[in-house]
$ cat final-v5.cif   # mmCIF, C-alpha atoms and all ligand atoms
data_entry
loop_
_atom_site.label_atom_id
_atom_site.label_comp_id
_atom_site.auth_asym_id
_atom_site.auth_seq_id
_atom_site.Cartn_x
_atom_site.Cartn_y
_atom_site.Cartn_z
CA MET B 163 -25.98 7.09 5.75
CA LYS B 164 -24.94 6.64 2.10
CA THR B 165 -27.55 5.02 -0.18
CA LEU B 166 -25.19 3.33 -2.65
CA ASN B 167 -22.63 2.17 -0.18
CA ASN B 168 -21.39 -1.37 -0.88
CA ILE B 169 -17.68 -1.83 -1.39
CA LEU B 170 -15.86 -5.02 -2.36
CA ILE B 171 -12.30 -5.26 -1.01
CA THR B 172 -9.67 -7.88 -1.82
CA GLY B 173 -6.76 -8.03 0.63
CA GLY B 174 -9.09 -6.73 3.35
CA THR B 175 -7.51 -9.10 5.87
CA GLY B 176 -4.10 -7.47 5.32
CA PHE B 177 -2.35 -4.51 6.92
CA ILE B 178 -3.68 -1.71 4.70
CA GLY B 179 -7.03 -3.44 4.08
CA GLY B 180 -7.63 -3.79 7.83
CA HIS B 181 -7.08 -0.05 8.41
CA LEU B 182 -9.18 0.76 5.35
CA ILE B 183 -12.13 -1.28 6.58
CA GLU B 184 -12.14 0.44 9.99
CA HIS B 185 -12.05 3.85 8.28
CA LEU B 186 -14.73 3.12 5.67
CA VAL B 187 -17.12 1.46 8.14
CA ASP B 188 -16.91 4.62 10.28
CA ARG B 189 -17.99 6.57 7.19
CA GLY B 190 -21.08 4.46 6.58
CA TYR B 191 -19.84 2.04 3.93
CA ARG B 192 -20.79 -1.66 3.95
CA ILE B 193 -17.82 -3.86 3.16
CA THR B 194 -17.56 -7.25 1.49
CA VAL B 195 -14.10 -8.81 1.80
CA LEU B 196 -13.03 -11.39 -0.76
CA SER B 197 -10.60 -13.62 1.14
CA ARG B 198 -9.03 -17.06 0.69
CA SER B 199 -9.88 -17.81 4.32
CA SER B 200 -13.44 -16.83 4.85
CA PRO B 201 -14.59 -16.08 8.39
CA ILE B 202 -18.38 -15.73 8.43
CA THR B 203 -18.58 -12.43 10.31
CA HIS B 204 -16.26 -9.63 11.32
CA ALA B 205 -15.53 -9.74 15.03
CA LYS B 206 -16.21 -6.02 15.46
CA HIS B 207 -18.60 -4.87 12.72
CA THR B 208 -21.90 -6.11 11.36
CA GLN B 209 -21.28 -3.93 8.24
CA VAL B 210 -18.41 -6.21 7.18
CA CYS B 211 -18.84 -9.67 5.67
CA PHE B 212 -16.30 -12.10 4.23
CA VAL B 213 -16.74 -14.27 1.16
CA SER B 214 -14.41 -16.77 -0.47
CA SER B 215 -15.97 -16.48 -3.93
CA LEU B 216 -17.58 -13.77 -6.04
CA ASP B 217 -20.30 -16.19 -7.13
CA GLY B 218 -23.57 -15.46 -5.47
CA LEU B 219 -22.83 -11.85 -4.51
CA PRO B 220 -25.70 -9.41 -5.14
CA GLU B 221 -25.61 -7.98 -8.66
CA THR B 222 -26.64 -4.43 -7.83
CA ASN B 223 -25.80 -1.57 -5.55
CA TRP B 224 -21.99 -1.69 -5.72
CA TYR B 225 -20.38 1.69 -5.12
CA GLY B 226 -16.76 0.64 -5.40
CA VAL B 227 -14.14 -2.10 -5.66
CA ILE B 228 -10.71 -1.91 -4.02
CA ASN B 229 -8.25 -4.56 -5.18
CA LEU B 230 -5.20 -5.04 -2.91
CA ALA B 231 -4.67 -8.79 -2.57
CA GLY B 232 -1.39 -10.46 -3.42
CA GLU B 233 1.45 -12.57 -2.12
CA PRO B 234 3.60 -10.42 0.24
CA LEU B 235 6.92 -9.34 -1.28
CA ASP B 236 8.93 -10.09 1.85
CA LYS B 237 7.52 -13.56 2.61
CA SER B 238 10.42 -15.56 1.20
CA ARG B 239 13.46 -15.25 -1.06
CA TRP B 240 12.77 -14.13 -4.62
CA THR B 241 13.43 -17.36 -6.48
CA ALA B 242 12.02 -17.59 -10.01
CA ASN B 243 9.04 -19.52 -8.59
CA GLN B 244 8.40 -16.99 -5.83
CA LYS B 245 8.55 -14.09 -8.32
CA ALA B 246 6.05 -15.89 -10.53
CA LEU B 247 3.76 -16.39 -7.50
CA ILE B 248 4.05 -12.70 -6.50
CA ILE B 249 2.87 -11.67 -9.97
CA GLU B 250 0.32 -14.43 -10.55
CA SER B 251 -1.36 -13.99 -7.14
CA ARG B 252 -2.23 -10.42 -8.13
CA LEU B 253 -3.16 -11.08 -11.75
CA SER B 254 -5.43 -14.03 -11.08
CA ILE B 255 -7.56 -12.24 -8.47
CA THR B 256 -7.65 -9.08 -10.62
CA SER B 257 -8.83 -11.13 -13.58
CA ARG B 258 -11.62 -12.69 -11.46
CA VAL B 259 -12.68 -9.27 -10.18
CA ASN B 260 -12.66 -7.86 -13.73
CA ASP B 261 -14.83 -10.71 -15.02
CA TRP B 262 -17.27 -10.19 -12.14
CA ILE B 263 -17.51 -6.44 -12.79
CA ARG B 264 -18.17 -7.04 -16.52
CA LYS B 265 -21.14 -9.25 -15.66
CA LEU B 266 -22.82 -6.73 -13.34
CA PRO B 267 -25.87 -5.00 -14.83
CA VAL B 268 -24.58 -1.71 -13.39
CA PRO B 269 -20.82 -1.48 -12.77
CA PRO B 270 -19.46 0.09 -9.58
CA LYS B 271 -18.80 3.83 -9.81
CA VAL B 272 -15.13 3.41 -8.99
CA TYR B 273 -12.47 0.71 -9.15
CA ILE B 274 -9.29 1.31 -7.15
CA SER B 275 -6.36 -0.93 -7.95
CA GLY B 276 -3.24 -1.48 -5.87
CA SER B 277 0.22 -0.90 -7.27
CA ALA B 278 3.46 0.53 -5.88
CA ILE B 279 6.06 3.19 -6.52
CA GLY B 280 8.27 0.28 -7.59
CA TRP B 281 6.56 0.93 -10.95
CA TYR B 282 9.16 3.67 -11.54
CA GLY B 283 12.12 1.29 -11.00
CA HIS B 284 15.46 2.44 -9.51
CA TRP B 285 16.35 6.15 -9.61
CA ASP B 286 18.88 8.36 -7.85
CA ASN B 287 17.96 11.94 -6.88
CA GLU B 288 15.46 12.63 -9.67
CA CYS B 289 12.04 13.87 -8.50
CA LEU B 290 9.32 11.57 -9.83
CA ASP B 291 5.62 12.25 -10.26
CA GLU B 292 2.81 10.40 -12.01
CA GLU B 293 4.04 11.53 -15.43
CA SER B 294 7.59 10.24 -14.93
CA ALA B 295 9.06 7.41 -16.93
CA HIS B 296 10.02 4.01 -15.56
CA ARG B 297 13.19 1.95 -15.48
CA GLU B 298 13.17 -1.79 -16.00
CA GLY B 299 13.37 -4.29 -13.14
CA PHE B 300 11.21 -6.84 -11.35
CA SER B 301 9.25 -4.23 -9.36
CA HIS B 302 8.32 -2.42 -12.56
CA GLN B 303 7.37 -5.67 -14.25
CA LEU B 304 5.11 -6.62 -11.32
CA CYS B 305 3.41 -3.23 -10.92
CA ASN B 306 3.02 -2.71 -14.64
CA ALA B 307 1.38 -6.11 -15.12
CA TRP B 308 -1.01 -5.36 -12.23
CA GLU B 309 -1.90 -1.89 -13.53
CA THR B 310 -2.33 -3.14 -17.10
CA GLN B 311 -4.73 -5.83 -15.91
CA ALA B 312 -6.79 -3.29 -13.94
CA ASN B 313 -6.92 -0.98 -16.95
CA GLN B 314 -8.48 -3.71 -19.06
CA LEU B 315 -11.74 -2.39 -17.61
CA ALA B 316 -11.20 0.93 -19.39
CA ASP B 317 -14.19 0.29 -21.67
CA VAL B 318 -16.53 -0.17 -18.68
CA ASP B 319 -18.41 2.83 -17.30
CA CYS B 320 -16.40 2.92 -14.09
CA ARG B 321 -13.72 5.30 -12.84
CA ILE B 322 -10.37 3.51 -12.54
CA CYS B 323 -7.78 4.78 -10.06
CA THR B 324 -4.39 3.15 -9.67
CA THR B 325 -2.63 3.66 -6.36
CA ARG B 326 1.16 3.63 -6.53
CA LEU B 327 1.77 3.05 -2.83
CA GLY B 328 4.96 4.14 -1.15
CA ILE B 329 6.35 2.52 2.01
CA VAL B 330 3.23 2.48 4.19
CA LEU B 331 4.11 3.09 7.83
CA GLY B 332 1.92 1.65 10.57
CA ALA B 333 2.29 0.51 14.17
CA ASN B 334 0.87 -2.96 13.56
CA GLY B 335 1.98 -3.94 10.06
CA GLY B 336 4.00 -3.00 7.01
CA SER B 337 7.75 -2.53 7.34
CA LEU B 338 8.01 -0.30 10.45
CA PRO B 339 7.61 -3.04 13.12
CA ALA B 340 10.53 -4.98 11.58
CA MET B 341 12.71 -1.83 11.67
CA LEU B 342 11.97 -1.14 15.33
CA LEU B 343 13.94 -3.88 17.07
CA PRO B 344 17.32 -3.10 15.47
CA ALA B 345 16.66 0.61 15.87
CA LYS B 346 15.85 0.17 19.58
CA LEU B 347 19.05 -1.83 20.02
CA GLY B 348 20.97 1.08 18.52
CA LEU B 349 21.70 -1.00 15.41
CA GLY B 350 19.82 1.23 12.96
CA GLY B 351 21.80 3.13 10.38
CA PRO B 352 22.55 3.43 6.68
CA ILE B 353 21.76 0.37 4.57
CA GLY B 354 24.36 0.27 1.81
CA HIS B 355 25.36 3.88 1.01
CA GLY B 356 22.13 5.14 2.61
CA ASP B 357 21.54 7.72 -0.16
CA GLN B 358 18.70 5.76 -1.73
CA TRP B 359 15.35 7.55 -1.44
CA TRP B 360 12.52 6.10 0.62
CA SER B 361 9.12 7.54 -0.21
CA TRP B 362 6.87 6.76 2.73
CA ILE B 363 3.29 7.46 3.87
CA HIS B 364 1.49 7.11 7.23
CA VAL B 365 -1.20 4.43 7.09
CA ASN B 366 -3.87 6.90 8.31
CA ASP B 367 -3.12 9.18 5.36
CA THR B 368 -3.14 6.13 3.09
CA VAL B 369 -6.71 5.24 4.02
CA ARG B 370 -7.75 8.90 3.75
CA CYS B 371 -6.34 8.90 0.21
CA PHE B 372 -8.44 5.83 -0.65
CA GLU B 373 -11.50 7.62 0.77
CA MET B 374 -10.74 10.68 -1.40
CA LEU B 375 -10.42 8.47 -4.49
CA LEU B 376 -13.77 6.85 -3.68
CA ASP B 377 -15.55 10.14 -3.09
CA ASN B 378 -14.04 12.46 -5.69
CA ASP B 379 -15.84 11.95 -9.01
CA LEU B 380 -12.98 13.68 -10.84
CA ALA B 381 -10.27 11.37 -9.48
CA GLU B 382 -9.08 9.03 -12.21
CA GLY B 383 -5.84 7.38 -13.40
CA VAL B 384 -2.57 6.96 -11.54
CA PHE B 385 -2.00 8.45 -8.06
CA ASN B 386 1.23 8.30 -6.08
CA LEU B 387 0.30 7.54 -2.48
CA THR B 388 3.35 8.99 -0.74
CA ALA B 389 3.90 11.83 1.72
CA PRO B 390 5.20 15.05 0.13
CA THR B 391 8.54 14.73 1.97
CA PRO B 392 10.45 11.63 0.85
CA VAL B 393 13.77 11.11 2.66
CA THR B 394 16.96 9.21 2.01
CA GLN B 395 17.26 5.89 3.82
CA SER B 396 20.00 7.24 6.13
CA GLU B 397 17.80 10.25 6.97
CA PHE B 398 14.97 7.79 7.73
CA ALA B 399 17.25 5.80 10.09
CA LYS B 400 18.44 9.03 11.74
CA THR B 401 14.88 10.30 12.30
CA LEU B 402 13.79 6.94 13.74
CA GLY B 403 16.85 6.82 16.00
CA HIS B 404 16.16 10.39 17.14
CA GLN B 405 12.54 9.53 18.02
CA LEU B 406 13.71 6.44 19.93
CA LYS B 407 16.63 8.35 21.48
CA ARG B 408 18.98 5.69 20.18
CA PRO B 409 22.13 5.99 18.03
CA SER B 410 21.64 5.31 14.33
CA PHE B 411 25.06 5.19 12.73
CA MET B 412 25.58 1.40 12.54
CA PRO B 413 25.87 0.69 8.80
CA LEU B 414 24.52 -2.49 7.19
CA PRO B 415 26.80 -3.06 4.18
CA GLY B 416 24.94 -3.63 0.92
CA PHE B 417 26.55 -7.05 0.36
CA MET B 418 25.30 -8.22 3.80
CA ALA B 419 21.76 -7.09 3.02
CA LYS B 420 21.96 -8.96 -0.31
CA LEU B 421 23.37 -12.05 1.42
CA MET B 422 20.52 -12.05 3.95
CA LEU B 423 17.62 -11.08 1.68
CA GLY B 424 18.76 -11.67 -1.90
CA GLU B 425 17.15 -9.72 -4.74
CA PHE B 426 14.49 -8.26 -2.42
CA ALA B 427 17.26 -6.25 -0.72
CA GLU B 428 18.51 -5.00 -4.09
CA GLU B 429 15.04 -3.94 -5.28
CA VAL B 430 13.43 -2.63 -2.10
CA LEU B 431 16.11 -1.68 0.47
CA LEU B 432 19.24 -0.67 -1.43
CA ASN B 433 17.50 1.21 -4.21
CA GLY B 434 14.54 3.52 -4.19
CA GLN B 435 12.85 6.42 -5.81
CA ARG B 436 12.12 10.02 -4.77
CA VAL B 437 8.39 10.21 -5.43
CA PHE B 438 6.00 13.15 -5.04
CA PRO B 439 2.19 12.92 -4.77
CA LYS B 440 1.56 15.57 -7.44
CA LYS B 441 -1.97 14.45 -8.33
CA LEU B 442 -3.10 14.08 -4.71
CA MET B 443 -1.85 17.57 -3.95
CA SER B 444 -3.51 19.06 -7.01
CA SER B 445 -6.76 17.30 -6.01
CA GLY B 446 -6.62 19.32 -2.78
CA PHE B 447 -5.67 16.41 -0.52
CA THR B 448 -3.97 17.50 2.70
CA PHE B 449 -1.76 15.16 4.69
CA ASP B 450 -2.21 14.72 8.44
CA TYR B 451 1.40 13.46 8.54
CA ALA B 452 3.36 15.41 5.97
CA ASN B 453 6.77 14.95 7.58
CA LEU B 454 8.49 11.83 8.85
CA SER B 455 9.10 13.06 12.43
CA SER B 456 5.41 13.64 13.07
CA ALA B 457 4.45 10.30 11.45
CA LEU B 458 7.00 8.32 13.48
CA GLN B 459 6.13 10.15 16.68
CA ASP B 460 2.48 9.16 16.28
CA LEU B 461 3.24 5.56 15.28
CA LEU B 462 5.75 4.96 18.07
CA CYS B 463 3.16 6.24 20.53
CA GLN B 464 0.56 3.83 19.02
CA SER B 465 3.08 1.01 19.12
CA GLN B 466 3.74 1.67 22.83
CA LYS B 467 -0.02 1.60 23.53
CA LEU B 468 -0.40 -1.69 21.61
CA ARG B 469 2.39 -3.25 23.67
CA SER B 470 0.88 -2.03 26.94
CA ARG B 471 -2.50 -3.49 25.93
CA LEU B 472 -0.94 -6.85 25.08
CA ALA B 473 0.89 -6.89 28.41
CA LEU B 474 -2.39 -6.48 30.36
N1 LIG J 501 2.40 -2.19 2.87
C1 LIG J 501 3.12 -1.48 2.02
O1 LIG J 501 4.00 -0.69 2.43
C2 LIG J 501 2.86 -1.57 0.54
C3 LIG J 501 3.60 -0.75 -0.33
C4 LIG J 501 3.39 -0.83 -1.70
C5 LIG J 501 2.44 -1.72 -2.19
N2 LIG J 501 1.73 -2.51 -1.32
C6 LIG J 501 0.76 -3.46 -1.90
O2 LIG J 501 -0.53 -3.17 -1.40
C7 LIG J 501 -1.25 -4.37 -1.16
C8 LIG J 501 -1.72 -4.38 0.28
O3 LIG J 501 -0.59 -4.27 1.13
P1 LIG J 501 -0.58 -4.87 2.61
O4 LIG J 501 0.66 -4.41 3.25
O5 LIG J 501 -1.90 -4.60 3.26
O6 LIG J 501 -0.46 -6.43 2.28
P2 LIG J 501 -0.66 -7.69 3.25
O7 LIG J 501 -0.82 -7.28 4.67
O8 LIG J 501 0.42 -8.66 2.92
O9 LIG J 501 -2.07 -8.28 2.76
C9 LIG J 501 -2.24 -8.77 1.48
C10 LIG J 501 -3.52 -9.57 1.37
O10 LIG J 501 -3.43 -10.31 0.15
C11 LIG J 501 -3.96 -11.61 0.32
N3 LIG J 501 -2.93 -12.57 -0.12
C12 LIG J 501 -1.74 -12.87 0.47
N4 LIG J 501 -1.08 -13.82 -0.23
C13 LIG J 501 -1.88 -14.10 -1.30
C14 LIG J 501 -1.76 -15.01 -2.39
N5 LIG J 501 -0.69 -15.81 -2.54
N6 LIG J 501 -2.78 -15.04 -3.30
C15 LIG J 501 -3.87 -14.24 -3.17
N7 LIG J 501 -4.04 -13.38 -2.14
C16 LIG J 501 -3.05 -13.32 -1.23
C17 LIG J 501 -4.25 -11.83 1.79
O11 LIG J 501 -5.68 -11.90 1.91
P3 LIG J 501 -6.46 -13.28 2.26
O12 LIG J 501 -5.53 -14.10 3.11
O13 LIG J 501 -7.64 -12.81 3.01
O14 LIG J 501 -6.80 -13.90 0.96
C18 LIG J 501 -3.71 -10.59 2.49
O15 LIG J 501 -4.61 -10.09 3.43
C19 LIG J 501 -0.30 -5.52 -1.48
O16 LIG J 501 -0.58 -6.03 -2.76
C20 LIG J 501 1.06 -4.89 -1.43
O17 LIG J 501 1.99 -5.51 -2.31
C21 LIG J 501 1.92 -2.45 0.02
#
$ encode --input "final-v5.cif" --output "structure tokens" --more "lines below"
Ligand SMILES: NC(=O)c1ccc[n+]([C@@H]2O[C@H](COP(=O)([O-])OP(=O)(O)OC[C@H]3O[C@@H](n4cnc5c(N)ncnc54)[C@H](OP(=O)(O)O)[C@@H]3O)[C@@H](O)[C@H]2O)c1
Amino acid sequence: MKTLNNILITGGTGFIGGHLIEHLVDRGYRITVLSRSSPITHAKHTQVCFVSSLDGLPETNWYGVINLAGEPLDKSRWTANQKALIIESRLSITSRVNDWIRKLPVPPKVYISGSAIGWYGHWDNECLDEESAHREGFSHQLCNAWETQANQLADVDCRICTTRLGIVLGANGGSLPAMLLPAKLGLGGPIGHGDQWWSWIHVNDTVRCFEMLLDNDLAEGVFNLTAPTPVTQSEFAKTLGHQLKRPSFMPLPGFMAKLMLGEFAEEVLLNGQRVFPKKLMSSGFTFDYANLSSALQDLLCQSQKLRSRLAL
């Protein structure tokens, strides 16, 4: 059992946060989830509690803070108001967390902030790592504002790690479930030209990365959280179709994607970036799911089990 083991998580009710909590509880951490809806107890674990405000939390014994909360990017069309909400939802909670950390007599050892590989903007075939430059666009604007806000704690005695998350693949959340129905109907295929790069990561590896960033005293700064084998979108569709034993050559023209989803399609589906996890690899991190076939095989098996359980 760890002695200094309290972790504050924002976004703990979400897809990644939910997996993270299960993983960290198993490793002896006690979790406090800051949530807008505040259930009193966690259905499964006594080591997890939910709060709706930072006021009144104990002032000592915090090992780490993980800040993931924010308005989902795919919730509605990216109007000017929705884009403002996507940014503001992240900045306001980050600002509250920062203020709370500044008031603690002893800061947490480590502060892990969310971000995304959208920080790099749109690229073609260039290989990107943590030292690469960015290109302008809404995704960069959002991620950069979020990272900048987290880094305002640079003068506090606390390790800051920024996680540039790739497309996180899971059986029960993230973008994979939405891809499954068309793929099962044989309607998967290239979106637009299909050559755009999708840098993905299995959710189990994602939470293992967070654990490494918590535990490794030398881990600091920006980390790309992506598997070492990014693929083009058409390769992704082909691999998914192969796993499902379904055809995957039905193209979705770019203009249709834009018509259906607006600017979100332009930023997230039709463009991408070929990102490599250079710092994770040099920290000695090893991926359980380093290639897409093995990740999808595992997740489709999990998805099948989830469906069988629900049918019981
Ligand atoms: N999943 C991915 O592939 C991926 C990739 C790159 C980056 N990310 C980023 O990583 C973070 C976690 O991802 P996720 O997939 O776990 O997200 P998620 O399932 O959408 O969960 C996000 C959490 O943020 C909180 N939230 C939602 N809307 C909010 C709002 N308007 N204001 C304040 N809080 C709000 C919610 O917590 P409460 O309801 O409890 O308050 C929710 O549990 C997100 O910021 C996401 O943008 C995710």
$ residues_near_ligand --input "final-v5.cif" --ligand "ligand LIG 501 (chain J)" --cutoff "9 Å" --atoms "all atoms listed in the file" --output "ChimeraX atom specification"
/B:172-181,195-200,212,214,229-237,247-248,250-252,254-255,276-280,305,325-332,335-338,362-363,365,387
$ closest_residue --input "final-v5.cif" --among "B:Ser456, B:Ala312, B:Ile322, B:Leu406" --to "Thr391 of chain B" --atoms "only C-alpha atoms"
B:Ser456
$ closest_residue --input "final-v5.cif" --among "B:His355, B:Lys400, B:Lys271, B:Arg370" --to "Arg189 of chain B" --atoms "only C-alpha atoms"
B:Arg370
$ atom_distance --input "final-v5.cif" --atom1 "atom CA of His207 of chain B" --atom2 "atom CA of Pro270 of chain B"
22.9 Å
$ residues_near_point --input "final-v5.cif" --point "(-17.0, 4.2, -6.9)" --cutoff "7 Å" --atoms "only C-alpha atoms" --output "list in words"
Tyr225, Gly226, Pro270, Lys271, Val272, Tyr273, Arg321 and Leu376 of chain B
$ atom_distance --input "final-v5.cif" --atom1 "atom CA of Val369 of chain B" --atom2 "atom CA of Thr388 of chain B"
11.7 Å
$ residues_around --input "final-v5.cif" --residues "Glu292 of chain B" --least-positions-apart "5" --cutoff "9 Å" --atoms "only C-alpha atoms" --output "list in words"
Arg326, Val384, Phe385, Asn386, Val437, Phe438, Pro439, Lys440 and Lys441 of chain B
$ write_last_selection --input "final-v5.cif" --atoms "C-alpha atoms" --output "PDB file, in the frame of the given file"
ATOM      1  CA  ARG B 326       1.160   3.630  -6.530  1.00  0.00           C
ATOM      2  CA  VAL B 384      -2.570   6.960 -11.540  1.00  0.00           C
ATOM      3  CA  PHE B 385      -2.000   8.450  -8.060  1.00  0.00           C
ATOM      4  CA  ASN B 386       1.230   8.300  -6.080  1.00  0.00           C
ATOM      5  CA  VAL B 437       8.390  10.210  -5.430  1.00  0.00           C
ATOM      6  CA  PHE B 438       6.000  13.150  -5.040  1.00  0.00           C
ATOM      7  CA  PRO B 439       2.190  12.920  -4.770  1.00  0.00           C
ATOM      8  CA  LYS B 440       1.560  15.570  -7.440  1.00  0.00           C
ATOM      9  CA  LYS B 441      -1.970  14.450  -8.330  1.00  0.00           C
TER      10      LYS B 441
END
$ closest_residue --input "final-v5.cif" --among "B:Ala457, B:Ala381, B:Met341, B:Leu462" --to "Leu431 of chain B" --atoms "all atoms listed in the file"
B:Met341
$ closest_residue --input "final-v5.cif" --among "B:Pro267, B:Cys371, B:Leu166, B:Glu428" --to "Met443 of chain B" --atoms "all atoms listed in the file"
B:Cys371
$ closest_residue --input "final-v5.cif" --among "B:Gln459, B:His302, B:Asp377, B:Leu253" --to "Asn167 of chain B" --atoms "all atoms listed in the file"
B:Asp377
$ atom_distance --input "final-v5.cif" --atom1 "atom CA of Pro339 of chain B" --atom2 "atom CA of Asp291 of chain B"
28.0 Å
$ closest_atom_pairs --input "final-v5.cif" --of "segment 317-381 of chain B" --to "segment 410-425 of chain B" --cutoff "9 Å" --atoms "all atoms listed in the file" --output "CSV"
residue,atom,partner,partner_atom,distance
B:Ala345,CA,B:Ser410,CA,7.0
B:Gly348,CA,B:Ser410,CA,6.0
B:Leu349,CA,B:Met412,CA,5.4
B:Gly350,CA,B:Ser410,CA,4.7
B:Gly351,CA,B:Ser410,CA,4.5
B:Pro352,CA,B:Pro413,CA,4.8
B:Ile353,CA,B:Leu414,CA,4.8
B:Gly354,CA,B:Gly416,CA,4.0
B:His355,CA,B:Gly416,CA,7.5
B:Gly356,CA,B:Pro413,CA,8.5
$ closest_residue --input "final-v5.cif" --among "B:Arg239, B:Pro269, B:Arg258, B:Leu454" --to "Asn223 of chain B" --atoms "all atoms listed in the file"
B:Pro269
$ residues_around --input "final-v5.cif" --residues "Arg297 of chain B" --least-positions-apart "2" --cutoff "9 Å" --atoms "only C-alpha atoms" --output "ChimeraX atom specification"
/B:281-285,295,299,302
$ residues_around --input "final-v5.cif" --residues "Asp357 of chain B" --least-positions-apart "2" --cutoff "8 Å" --atoms "only C-alpha atoms" --output "number ranges by chain"
B: 355, 359, 394-396
$ decode --input "final-v5.cif" --residues "segment 235-241 of chain B" --atoms "all heavy atoms" --output "PDB file, in the first residue's frame"
ATOM      1  N   LEU B 235     -15.654  16.837 -27.936  1.00  0.00           N
ATOM      2  CA  LEU B 235     -15.505  17.515 -29.231  1.00  0.00           C
ATOM      3  C   LEU B 235     -16.598  17.134 -30.221  1.00  0.00           C
ATOM      4  O   LEU B 235     -16.904  17.893 -31.133  1.00  0.00           O
ATOM      5  CB  LEU B 235     -14.129  17.189 -29.844  1.00  0.00           C
ATOM      6  CG  LEU B 235     -13.019  18.195 -29.517  1.00  0.00           C
ATOM      7  CD1 LEU B 235     -12.762  18.281 -28.034  1.00  0.00           C
ATOM      8  CD2 LEU B 235     -11.752  17.859 -30.269  1.00  0.00           C
ATOM      9  N   ASP B 236     -17.162  15.917 -30.025  1.00  0.00           N
ATOM     10  CA  ASP B 236     -18.121  15.430 -31.028  1.00  0.00           C
ATOM     11  C   ASP B 236     -19.568  15.551 -30.549  1.00  0.00           C
ATOM     12  O   ASP B 236     -20.457  14.922 -31.097  1.00  0.00           O
ATOM     13  CB  ASP B 236     -17.818  13.962 -31.366  1.00  0.00           C
ATOM     14  CG  ASP B 236     -17.854  13.076 -30.127  1.00  0.00           C
ATOM     15  OD1 ASP B 236     -18.045  13.601 -29.007  1.00  0.00           O
ATOM     16  OD2 ASP B 236     -17.689  11.850 -30.278  1.00  0.00           O
ATOM     17  N   LYS B 237     -19.811  16.396 -29.533  1.00  0.00           N
ATOM     18  CA  LYS B 237     -21.172  16.455 -28.976  1.00  0.00           C
ATOM     19  C   LYS B 237     -22.135  17.174 -29.917  1.00  0.00           C
ATOM     20  O   LYS B 237     -23.254  16.739 -30.109  1.00  0.00           O
ATOM     21  CB  LYS B 237     -21.125  17.162 -27.621  1.00  0.00           C
ATOM     22  CG  LYS B 237     -22.388  16.996 -26.817  1.00  0.00           C
ATOM     23  CD  LYS B 237     -22.125  17.370 -25.373  1.00  0.00           C
ATOM     24  CE  LYS B 237     -23.340  17.899 -24.686  1.00  0.00           C
ATOM     25  NZ  LYS B 237     -22.995  18.459 -23.370  1.00  0.00           N
ATOM     26  N   SER B 238     -21.719  18.286 -30.470  1.00  0.00           N
ATOM     27  CA  SER B 238     -22.577  18.963 -31.450  1.00  0.00           C
ATOM     28  C   SER B 238     -21.715  19.720 -32.458  1.00  0.00           C
ATOM     29  O   SER B 238     -20.491  19.748 -32.336  1.00  0.00           O
ATOM     30  CB  SER B 238     -23.582  19.896 -30.767  1.00  0.00           C
ATOM     31  OG  SER B 238     -22.992  20.586 -29.723  1.00  0.00           O
ATOM     32  N   ARG B 239     -22.371  20.298 -33.449  1.00  0.00           N
ATOM     33  CA  ARG B 239     -21.641  20.997 -34.523  1.00  0.00           C
ATOM     34  C   ARG B 239     -20.794  22.121 -33.970  1.00  0.00           C
ATOM     35  O   ARG B 239     -21.171  22.771 -32.991  1.00  0.00           O
ATOM     36  CB  ARG B 239     -22.637  21.576 -35.536  1.00  0.00           C
ATOM     37  CG  ARG B 239     -22.950  20.620 -36.653  1.00  0.00           C
ATOM     38  CD  ARG B 239     -23.895  21.269 -37.634  1.00  0.00           C
ATOM     39  NE  ARG B 239     -23.236  21.576 -38.900  1.00  0.00           N
ATOM     40  CZ  ARG B 239     -23.054  20.689 -39.871  1.00  0.00           C
ATOM     41  NH1 ARG B 239     -23.454  19.455 -39.721  1.00  0.00           N
ATOM     42  NH2 ARG B 239     -22.447  21.035 -40.999  1.00  0.00           N
ATOM     43  N   TRP B 240     -19.663  22.357 -34.583  1.00  0.00           N
ATOM     44  CA  TRP B 240     -18.720  23.374 -34.098  1.00  0.00           C
ATOM     45  C   TRP B 240     -19.141  24.769 -34.551  1.00  0.00           C
ATOM     46  O   TRP B 240     -18.526  25.370 -35.440  1.00  0.00           O
ATOM     47  CB  TRP B 240     -17.316  23.067 -34.597  1.00  0.00           C
ATOM     48  CG  TRP B 240     -16.647  21.941 -33.886  1.00  0.00           C
ATOM     49  CD1 TRP B 240     -17.208  21.070 -32.993  1.00  0.00           C
ATOM     50  CD2 TRP B 240     -15.275  21.554 -34.002  1.00  0.00           C
ATOM     51  NE1 TRP B 240     -16.284  20.151 -32.555  1.00  0.00           N
ATOM     52  CE2 TRP B 240     -15.090  20.440 -33.170  1.00  0.00           C
ATOM     53  CE3 TRP B 240     -14.198  22.025 -34.735  1.00  0.00           C
ATOM     54  CZ2 TRP B 240     -13.857  19.804 -33.044  1.00  0.00           C
ATOM     55  CZ3 TRP B 240     -12.969  21.386 -34.616  1.00  0.00           C
ATOM     56  CH2 TRP B 240     -12.811  20.300 -33.774  1.00  0.00           C
ATOM     57  N   THR B 241     -20.193  25.289 -33.942  1.00  0.00           N
ATOM     58  CA  THR B 241     -20.535  26.692 -34.147  1.00  0.00           C
ATOM     59  C   THR B 241     -19.521  27.507 -33.351  1.00  0.00           C
ATOM     60  O   THR B 241     -18.747  26.953 -32.545  1.00  0.00           O
ATOM     61  CB  THR B 241     -21.941  26.978 -33.594  1.00  0.00           C
ATOM     62  OG1 THR B 241     -21.909  26.646 -32.191  1.00  0.00           O
ATOM     63  CG2 THR B 241     -23.001  26.152 -34.285  1.00  0.00           C
TER      64      THR B 241
END
